[in-house]
Structures are given as structure tokens and as C-alpha cells.
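*Asks:* This one is data.txt, compact mmCIF, C-alpha atoms.
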# COMPACT_ATOMS: atom_id res chain seq x y z
CA MET U 12 98.81 110.55 99.71
CA GLU U 13 100.84 107.92 101.54
CA THR U 14 103.64 110.06 103.04
CA PHE U 15 104.07 110.03 106.79
CA ASP U 16 106.18 112.49 108.75
CA GLY U 17 107.61 112.50 112.23
CA SER U 18 105.11 115.06 113.53
CA GLN U 19 102.19 112.67 113.33
CA ARG U 20 100.52 111.37 116.44
CA THR U 21 97.45 109.25 116.95
CA ALA U 22 94.29 110.96 118.11
CA ALA U 23 93.00 110.21 121.62
CA PRO U 24 92.23 106.50 122.15
CA ALA U 25 88.69 105.22 122.56
CA SER U 26 87.39 103.86 125.86
CA PRO U 27 88.33 100.26 126.78
CA VAL U 28 86.42 97.57 124.91
CA PRO U 29 84.27 95.27 127.10
CA ALA U 30 85.51 91.68 127.32
CA ASP U 31 82.15 90.35 126.09
CA ASP U 32 82.48 92.36 122.86
CA VAL U 33 85.99 91.04 122.30
CA ALA U 34 84.84 87.46 122.92
CA ALA U 35 81.90 87.82 120.50
CA LEU U 36 84.11 89.01 117.65
CA ARG U 37 86.70 86.30 118.27
CA ARG U 38 83.97 83.64 118.43
CA PHE U 39 82.59 84.75 115.08
CA ASN U 40 86.09 84.80 113.56
CA ARG U 41 86.74 81.23 114.67
CA TYR U 42 83.41 79.99 113.36
CA PHE U 43 83.61 81.74 110.00
CA THR U 44 87.24 80.89 109.21
CA ARG U 45 86.47 77.23 109.92
CA ARG U 46 83.33 77.24 107.74
CA ILE U 47 85.09 78.75 104.70
CA GLY U 48 88.13 76.49 105.00
CA ALA U 49 90.64 79.24 105.80
CA LEU U 50 92.81 76.76 107.73
CA ASP U 51 93.00 74.28 104.84
CA ASP U 52 96.30 74.06 102.93
CA HIS U 53 94.19 73.51 99.81
CA TYR U 54 91.79 76.45 100.02
CA LEU U 55 88.70 75.96 97.82
CA GLY U 56 90.20 72.65 96.72
CA GLN U 57 93.03 74.36 94.85
CA ASP U 58 96.70 73.59 95.35
CA ARG U 59 97.53 76.51 97.65
CA PRO U 60 96.61 77.94 101.07
CA LEU U 61 94.32 80.94 101.60
CA GLY U 62 97.24 83.40 101.85
CA GLU U 63 98.52 82.66 98.34
CA ALA U 64 94.99 82.49 96.92
CA ARG U 65 94.12 85.89 98.40
CA LEU U 66 97.34 87.43 97.15
CA LEU U 67 96.67 86.15 93.63
CA PHE U 68 93.21 87.71 93.77
CA GLU U 69 94.50 91.07 95.08
CA ILE U 70 97.10 91.35 92.32
CA GLY U 71 94.30 91.89 89.81
CA GLU U 72 95.76 93.00 86.50
CA GLY U 73 98.97 94.18 88.13
CA VAL U 74 100.09 96.19 91.14
CA SER U 75 103.28 97.24 92.92
CA LEU U 76 104.48 95.13 95.82
CA ARG U 77 104.58 98.33 97.88
CA GLU U 78 100.86 98.90 97.39
CA LEU U 79 100.09 95.27 98.18
CA ARG U 80 102.00 95.52 101.45
CA GLY U 81 99.96 98.53 102.49
CA ARG U 82 96.63 97.14 101.31
CA LEU U 83 97.03 93.73 102.97
CA GLY U 84 99.17 94.77 105.94
CA LEU U 85 101.79 92.12 105.15
CA ASP U 86 105.38 91.89 106.28
CA ALA U 87 107.72 92.62 103.36
CA GLY U 88 109.57 89.31 103.76
CA TYR U 89 106.37 87.25 103.94
CA LEU U 90 104.97 89.00 100.87
CA SER U 91 108.18 88.40 98.97
CA ARG U 92 108.12 84.68 99.79
CA MET U 93 104.51 84.30 98.65
CA ALA U 94 105.22 86.24 95.45
CA LYS U 95 108.17 83.98 94.67
CA ALA U 96 106.03 80.89 95.32
CA LEU U 97 103.37 82.09 92.86
CA GLU U 98 106.07 83.04 90.35
CA ALA U 99 107.61 79.56 90.62
CA GLN U 100 104.20 78.09 89.80
CA GLY U 101 103.98 80.23 86.66
CA LEU U 102 101.00 82.22 87.95
CA VAL U 103 102.62 85.68 88.18
CA ARG U 104 105.61 87.61 86.89
CA VAL U 105 107.54 90.22 88.86
CA GLY U 106 109.37 93.04 87.15
CA VAL U 107 110.51 96.66 87.29
CA PRO U 108 108.38 99.24 85.43
CA PRO U 109 110.24 101.47 82.94
CA HIS U 110 109.00 104.68 84.58
CA ASP U 111 110.36 103.91 88.08
CA ASN U 112 113.21 101.50 88.72
CA ARG U 113 112.60 101.70 92.47
CA LEU U 114 109.32 99.80 92.19
CA ARG U 115 108.67 96.11 91.75
CA VAL U 116 105.42 95.30 90.00
CA ILE U 117 103.66 91.95 90.08
CA GLU U 118 101.14 90.91 87.43
CA PRO U 119 99.30 87.69 86.57
CA THR U 120 100.25 85.39 83.72
CA PRO U 121 97.49 83.83 81.57
CA ALA U 122 97.66 80.81 83.88
CA GLY U 123 97.24 83.12 86.85
CA ARG U 124 94.16 84.77 85.35
CA ALA U 125 92.63 81.35 84.71
CA GLU U 126 93.40 80.36 88.31
CA VAL U 127 91.66 83.45 89.67
CA ALA U 128 88.61 82.83 87.48
CA GLU U 129 88.35 79.29 88.85
CA GLN U 130 88.91 80.61 92.37
CA GLN U 131 86.01 83.00 91.92
CA ARG U 132 83.73 80.24 90.63
CA ARG U 133 84.53 78.01 93.61
CA ALA U 134 84.19 80.86 96.14
CA ASP U 135 80.76 81.75 94.74
CA ALA U 136 79.71 78.12 95.02
CA LEU U 137 80.93 77.95 98.63
CA ALA U 138 79.04 81.12 99.57
CA ALA U 139 75.88 79.90 97.84
CA GLY U 140 76.15 76.62 99.73
CA LEU U 141 76.34 78.45 103.05
CA LEU U 142 73.25 80.51 102.18
CA GLU U 143 71.12 77.66 100.86
CA GLY U 144 70.06 76.70 104.37
CA LEU U 145 68.24 80.01 104.86
CA ASP U 146 64.89 81.13 103.51
CA PRO U 147 64.80 84.42 101.54
CA ALA U 148 63.84 86.54 104.56
CA ARG U 149 66.70 85.21 106.67
CA ARG U 150 69.15 85.55 103.76
CA ALA U 151 68.14 89.19 103.49
CA GLU U 152 68.64 89.57 107.25
CA LEU U 153 72.11 88.02 107.02
CA THR U 154 73.08 90.18 104.03
CA ALA U 155 72.04 93.33 105.90
CA ALA U 156 73.97 92.22 108.99
CA LEU U 157 77.11 91.49 106.95
CA THR U 158 76.87 94.89 105.25
CA THR U 159 76.64 96.58 108.64
CA ALA U 160 79.52 94.51 110.01
CA GLU U 161 81.74 95.43 107.07
CA ARG U 162 80.93 99.13 107.45
CA LEU U 163 81.67 99.15 111.16
CA LEU U 164 84.85 97.09 110.87
CA ARG U 165 86.13 99.43 108.17
CA LEU U 166 85.40 102.41 110.39
CA ALA U 167 87.14 100.70 113.32
CA SER U 168 90.24 100.01 111.24
CA ILE U 169 90.67 103.63 110.13
CA THR U 170 93.22 105.59 112.12
CA VAL U 171 93.01 109.35 112.65
CA GLU U 172 96.33 111.18 112.98
CA VAL U 173 97.31 114.73 113.87
CA VAL U 174 99.66 115.92 111.13
CA ASP U 175 101.52 119.10 110.27
CA GLY U 176 99.33 121.43 108.23
CA ALA U 177 102.05 121.63 105.57
CA SER U 178 102.57 117.85 105.29
CA PRO U 179 102.01 116.18 101.90
CA ASP U 180 98.97 114.31 103.20
CA ALA U 181 97.35 117.47 104.58
CA LEU U 182 97.91 119.38 101.34
CA ALA U 183 96.69 116.47 99.21
CA CYS U 184 93.50 116.20 101.29
CA LEU U 185 92.87 119.93 100.99
CA ASP U 186 93.34 119.74 97.22
CA ALA U 187 90.82 116.89 97.02
CA TYR U 188 88.41 118.77 99.31
CA ALA U 189 88.66 121.90 97.16
CA ALA U 190 88.05 119.94 93.95
CA ASP U 191 85.06 118.21 95.52
CA ILE U 192 83.26 121.33 96.65
CA ASP U 193 84.26 123.27 93.53
CA ALA U 194 82.17 120.73 91.61
CA ARG U 195 79.26 121.00 94.07
CA PHE U 196 79.00 124.75 94.63
CA PRO U 197 77.11 126.59 91.86
CA GLU U 198 79.62 129.44 92.12
CA GLY U 199 82.64 127.15 92.30
CA PHE U 200 85.35 127.41 94.95
CA ASP U 201 88.57 129.42 95.16
CA LYS U 202 91.41 127.52 96.86
CA ALA U 203 92.60 130.79 98.36
CA ALA U 204 89.82 130.30 100.94
CA LEU U 205 91.53 127.20 102.38
CA VAL U 206 93.21 127.40 105.77
CA ARG U 207 96.92 128.14 105.82
CA PRO U 208 99.25 125.48 107.28
CA GLU U 209 100.44 127.73 110.10
CA GLU U 210 96.81 128.23 111.26
CA VAL U 211 96.28 124.52 111.91
CA THR U 212 99.60 123.40 113.33
CA GLY U 213 100.96 123.29 116.87
CA ASP U 214 99.45 125.67 119.42
CA ALA U 215 97.55 127.51 116.68
CA GLY U 216 95.36 124.55 115.81
CA ALA U 217 95.31 121.00 114.49
CA PHE U 218 94.97 119.16 111.21
CA LEU U 219 93.57 115.61 111.31
CA VAL U 220 94.01 113.05 108.54
CA ALA U 221 92.16 109.72 108.47
CA TYR U 222 94.03 106.73 107.03
CA GLU U 223 92.62 103.49 105.67
CA GLU U 224 95.22 100.94 104.60
CA GLN U 225 97.87 103.69 104.67
CA ARG U 226 95.87 105.88 102.27
CA ALA U 227 94.50 109.26 103.35
CA VAL U 228 90.70 109.11 103.15
CA GLY U 229 89.55 112.14 105.12
CA CYS U 230 90.56 115.29 106.94
CA GLY U 231 89.45 118.13 109.16
CA ALA U 232 91.03 121.31 110.52
CA LEU U 233 90.82 123.30 113.75
CA ARG U 234 92.10 126.85 114.19
CA ARG U 235 91.78 129.46 116.95
CA LEU U 236 89.08 131.97 116.12
CA GLU U 237 89.13 134.21 119.20
CA PRO U 238 90.00 133.77 122.89
CA GLY U 239 88.27 130.61 124.15
CA THR U 240 86.75 129.76 120.76
CA GLY U 241 87.98 127.66 117.89
CA GLU U 242 86.75 127.13 114.36
CA ILE U 243 86.37 123.80 112.57
CA ARG U 244 87.07 123.84 108.84
CA HIS U 245 87.23 121.51 105.87
CA VAL U 246 85.74 118.30 107.28
CA TRP U 247 85.99 116.03 104.24
CA VAL U 248 85.79 112.31 103.48
CA HIS U 249 86.96 110.60 100.29
CA PRO U 250 84.07 109.08 98.27
CA ARG U 251 85.34 105.54 98.89
CA ALA U 252 85.12 106.05 102.67
CA ARG U 253 81.73 107.77 102.85
CA ARG U 254 78.68 106.37 104.66
CA LEU U 255 80.93 104.76 107.27
CA GLY U 256 80.49 107.41 109.97
CA LEU U 257 83.98 108.81 109.43
CA ALA U 258 82.90 112.45 109.21
CA ARG U 259 81.43 112.26 112.72
CA ARG U 260 84.62 110.62 113.96
CA LEU U 261 86.70 113.45 112.48
CA LEU U 262 84.38 116.03 114.00
CA SER U 263 84.67 114.37 117.41
CA GLY U 264 88.45 114.31 117.09
CA LEU U 265 88.56 118.02 116.29
CA GLU U 266 86.42 118.74 119.35
CA ARG U 267 88.89 116.79 121.51
CA GLU U 268 91.75 118.82 120.05
CA ALA U 269 89.85 122.01 120.89
CA ARG U 270 89.39 120.91 124.51
CA ALA U 271 93.08 120.01 124.73
CA ARG U 272 93.86 123.60 123.79
CA GLY U 273 91.57 124.99 126.50
CA LEU U 274 88.85 126.16 124.12
CA ASP U 275 85.32 126.43 125.51
CA ALA U 276 83.43 126.40 122.20
CA VAL U 277 83.86 125.64 118.52
CA ARG U 278 82.15 127.27 115.57
CA LEU U 279 81.83 126.36 111.91
CA ASP U 280 80.03 127.50 108.80
CA THR U 281 78.72 125.63 105.80
CA HIS U 282 77.28 126.14 102.33
CA ALA U 283 73.59 125.88 101.49
CA GLU U 284 74.34 122.98 99.13
CA LEU U 285 75.86 120.86 101.91
CA THR U 286 72.58 119.74 103.45
CA GLU U 287 74.06 116.47 104.71
CA ALA U 288 76.72 118.41 106.60
CA GLN U 289 74.09 120.65 108.19
CA ALA U 290 72.13 117.59 109.34
CA MET U 291 75.27 116.04 110.84
CA TYR U 292 76.20 119.18 112.75
CA ARG U 293 72.72 119.46 114.25
CA ALA U 294 72.75 115.77 115.19
CA CYS U 295 76.14 116.25 116.89
CA GLY U 296 74.89 119.02 119.16
CA TYR U 297 75.66 122.11 117.12
CA THR U 298 73.25 125.04 117.32
CA GLU U 299 72.68 127.45 114.45
CA ILE U 300 73.82 130.99 115.26
CA PRO U 301 74.01 134.36 113.44
CA ALA U 302 76.85 134.85 110.99
CA TYR U 303 80.20 135.26 112.76
CA ASP U 304 82.31 135.80 109.61
CA ASP U 305 82.07 137.10 106.06
CA ASN U 306 82.81 133.80 104.33
CA VAL U 307 81.28 134.20 100.85
CA TYR U 308 80.63 130.45 100.67
CA ALA U 309 78.69 130.25 103.95
CA SER U 310 74.94 130.42 104.43
CA HIS U 311 74.65 128.62 107.79
CA TRP U 312 76.72 129.17 110.95
CA PHE U 313 76.90 126.82 113.95
CA GLU U 314 78.38 126.68 117.44
CA LYS U 315 78.88 123.99 120.07
CA ARG U 316 79.78 124.57 123.70
CA LEU U 317 82.43 122.10 124.85
CA GLY U 318 81.18 121.42 128.37
CA THR U 319 81.68 118.19 130.33
CA GLY U 320 78.50 116.77 128.83
CA SER U 321 80.06 116.69 125.36
CA ARG U 322 83.53 115.38 126.20
CA ASN U 323 83.01 112.23 124.12
CA GLY U 324 82.07 114.23 121.05
As C-alpha cells, how would this structure be written, given the file I've shared?
*Replies:*
Amino acid sequence: METFDGSQRTAAPASPVPADDVAALRRFNRYFTRRIGALDDHYLGQDRPLGEARLLFEIGEGVSLRELRGRLGLDAGYLSRMAKALEAQGLVRVGVPPHDNRLRVIEPTPAGRAEVAEQQRRADALAAGLLEGLDPARRAELTAALTTAERLLRLASITVEVVDGASPDALACLDAYAADIDARFPEGFDKAALVRPEEVTGDAGAFLVAYEEQRAVGCGALRRLEPGTGEIRHVWVHPRARRLGLARRLLSGLEREARARGLDAVRLDTHAELTEAQAMYRACGYTEIPAYDDNVYASHWFEKRLGTGSRNG
């Protein structure tokens, strides 16, 4: 699910970020990187900087250099230099897997595994030392704040793209969506009920895919239902990206696409089992209406008017 095509474009940008918010995040970054020793050439007292230490950790039991580039957002040349440095120290080995000679895979040596274990021990000790100055109540407050910060920063880093409905990413997301709800619906789910690519591409509609670290982690579709009205279908989020607020972001993006196509309202339907989806739609301004289609999987139908008061989704 990592293929990109030339038809992709980024969804509408968010409003400008206030300077005070930018300054607060940068101030925290400066403070925290100094406290954990990120600027030290001997991170955690080991004989390497943070970049090499982090790369050694991310390698785990073995991974392709291509995946590492995507996961860490590293320049190919910089990654190659760090990999060679670790290899020269006897901590990793780089090779070509027998099943695909186009890939280069990096894996730890026994010395590398021992290094990571020691790195983990020292990192735990550093974190514990930072927390020792707080009483239990304040530690709990800090832990909750960090959890919230991680969730929001992950959500902020996810990009939402408009893709062709027949693109590999769109089809892979629909397959994952179908498998997900097939397991949840008592009656199962027939993939024949999925939207067709031509219904959600170009003037006919839109297909959105959400990407985190170059991996597709969510989708949603919009198609024209009747003059002035569109229909939202298949809003789905991968399990690893749930509870971030991504479904609402996809829903908002689909509403923007509907407005861009001159639609005055959007409708959608949902299954009785999807109670969390029903709650989200109501919270986002959708009103329950009588059935507008004969979808055998639907038990609730909703509509939202796209007036000026809802232009931000």
C-alpha cells in the first residue's frame, strides 16, 4: 500500500498556525532534546550519536532500507552512510534477500543486539531519572499529557491525498475495509457492494487516502447521488491509526470535496453494528433521515447540509 501515482493531490490545507503555537512547540523541542542528550555525540554514554543509535533500534530483527527510509523520513544517502558506519562497527550486516534482488535488507549482528539491549537499559534509566522529581499524581499528569501529545502529533503528521479510485492504494484500502466489516457484520459483507472506481474519480466524485509514514492508513469515498447531493461511503481507518481523530479528518475532507463540486448536501448510511460511526456522524452535524436507498447493510441513514456554517467540516 505504498504506491503513489501522478493523479494524487493534497487535500485542502488547514488554516494558518498562530505564531504562539509554533513558538510553544519549538520551545518544548529545544528543552526536551537538551534534557535527553540528543545533541551529544555519545548519546546515552555510548560511542555513537543519537542518529545511529535510533537507526540501530529501528532495525529491530531486520528490515529493508526502503522501509527504513519511509519510516524515518531519511535521505537515501544519509541512511546509506549511517548503515555503513554501523556495519563497519560490526553491529549490522547488509545484504540482498533471495526473494527480491532489488531490495537491500539490514539486520543486527549479535553485537548489535547486545548494543540495543544496553541502549534500552540506559534509556529507561534516563527516563526514570527525569520522572523521579515528580510525585505520583504529577507523574500521572505528565504521562497523560505525553499520550495526548503523541496522539495529536501523529494526527498532524498524517497527510490526506485525493487519489484515483482505481489506484493500488485505493483498491488496497477498500480490500482492507471490506475484510474489516465482513468480520464485524453478523451477515458478513459482499465486496460487490463497494463503490466502483469510476464513481469516485474526477468530476464523478473523490477517493481520499490517508498516509502515515508513506503507508496508507485510512480512506473515504464521495460519489454523486443526485443533483446537488453527494454520498459518502467507506470511511475506514486502519487499526494502528485508530483513536487519533483520523476518521473525522477524512469525513471533513470528503465534505470539502463535496463543496468543491457544488454539492449542497451529503448523505450516508451505516450498519447497526457500527455504533461508533453513528456517534461520530451525529457529533459532526449529521441528522438521521428516512432510508434513501435499499442498501441491505444499512439500518441508519444520515444527511448533512453543507451551508456556510459547516465549511470547516
*Asks:* Restricting the calculation to only C-alpha atoms, which member of U:Ala177, U:Leu233, U:Ala34, U:Leu55 is positioned closest to U:Arg272?
*Replies:*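 Ranked by minimum distance to U:Arg272, first place goes to U:Leu233.
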*Asks:* Residues within 7 Å of (86.7, 106.3, 106.5), file coordinates, counting only C-alpha atoms: what are they? Give the list as a ChimeraX atom specification.
*Replies:* /U:166,169,221,223,228-229,248,252-253,255,257
*Asks:* Would you compute an axis-aligned box for stretch 112-123 of chain U, covering every atom listed for it in the file with 8 Å of margin on each side, and report centre and edge lengths in Å to one decimal as JSON?
*Replies:*
{"center_x": 105.2, "center_y": 91.3, "center_z": 87.0, "size_x": 32.0, "size_y": 36.9, "size_z": 26.9}
*Asks:* In Å, with one decimal, what is the gap from atom CA of U:Glu268 to atom CA of U:Asp186?
*Replies:*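 A separation of 22.9 Å between them.
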*Asks:* Give the answer as one residue: which of U:Tyr89, U:Gln225, U:Thr154, U:Ser75 has the shortest atom-to-atom distance to U:Asp111, using all atoms listed in the file?
*Replies:*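 Answer, going by the shortest atom-to-atom distance: U:Ser75.
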*Asks:* Looking at U:Asp193, U:Asp180, U:Asp175, U:Glu118, which one is nearest to U:Leu79, with distances taken over all atoms listed in the file?
*Replies:*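 Closest residue, counting all atoms listed in the file: U:Glu118.
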*Asks:* Give me the residues near U:Leu279 as a VMD selection string, where near means some atom within 12 Å (using only C-alpha atoms) and where sequence neighbours in that chain fewer than 5 positions away do not count.
*Replies:* chain U and resid 231 to 236 240 to 246 262 265 to 266 288 to 289 292 to 293 297 to 304 306 309 to 315
*Asks:* Restricting the calculation to only C-alpha atoms: of U:Gly48, U:Gly73, U:Pro147, U:Gly62, which residue gets closest to U:Arg115?
*Replies:*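 Looking only at the distances to U:Arg115, the closest residue turns out to be U:Gly73.
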*Asks:* Have a look at U:Pro27, U:Gly123, U:Gly176, U:Gly296 and name the one nearest to U:Asp214; count only C-alpha atoms.
*Replies:*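 That would be U:Gly176, the residue with the smallest distance to U:Asp214.
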*Asks:* Can you pull out the residues contacting U:Ala189? Cut-off 8 Å, using all atoms listed in the file, and skip same-chain residues under 3 positions away; I want them as a ChimeraX atom specification.
*Replies:* /U:185-186,192-193,200-202,205
*Asks:* What is the atom CA of U:Arg150-atom CA of U:Pro250 distance in Å, reported with one decimal?
*Replies:*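 Computing the Euclidean distance for atom CA of U:Arg150 and atom CA of U:Pro250 yields 28.4 Å.
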*Asks:* From the options U:Ala204, U:Ala151, U:Ala227, U:Ala167, which residue's atoms come nearest to U:Val307, counting all atoms listed in the file?
*Replies:* U:Ala204
*Asks:* Which distance in Å separates atom CA of U:Glu161 and atom CA of U:Arg254, to one decimal?
*Replies:*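 Pair atom CA of U:Glu161 / atom CA of U:Arg254 returns 11.6 Å.
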*Asks:* Which neighbours of stretch 65-72 of chain U fall inside 12 Å, counting all atoms listed in the file, when residues of the same chain fewer than 4 positions from it are skipped, and could you give them as a PyMOL selection string?
*Replies:* chain U and resi 49+54-55+59-61+76-85+89-98+100-105+116-131+134
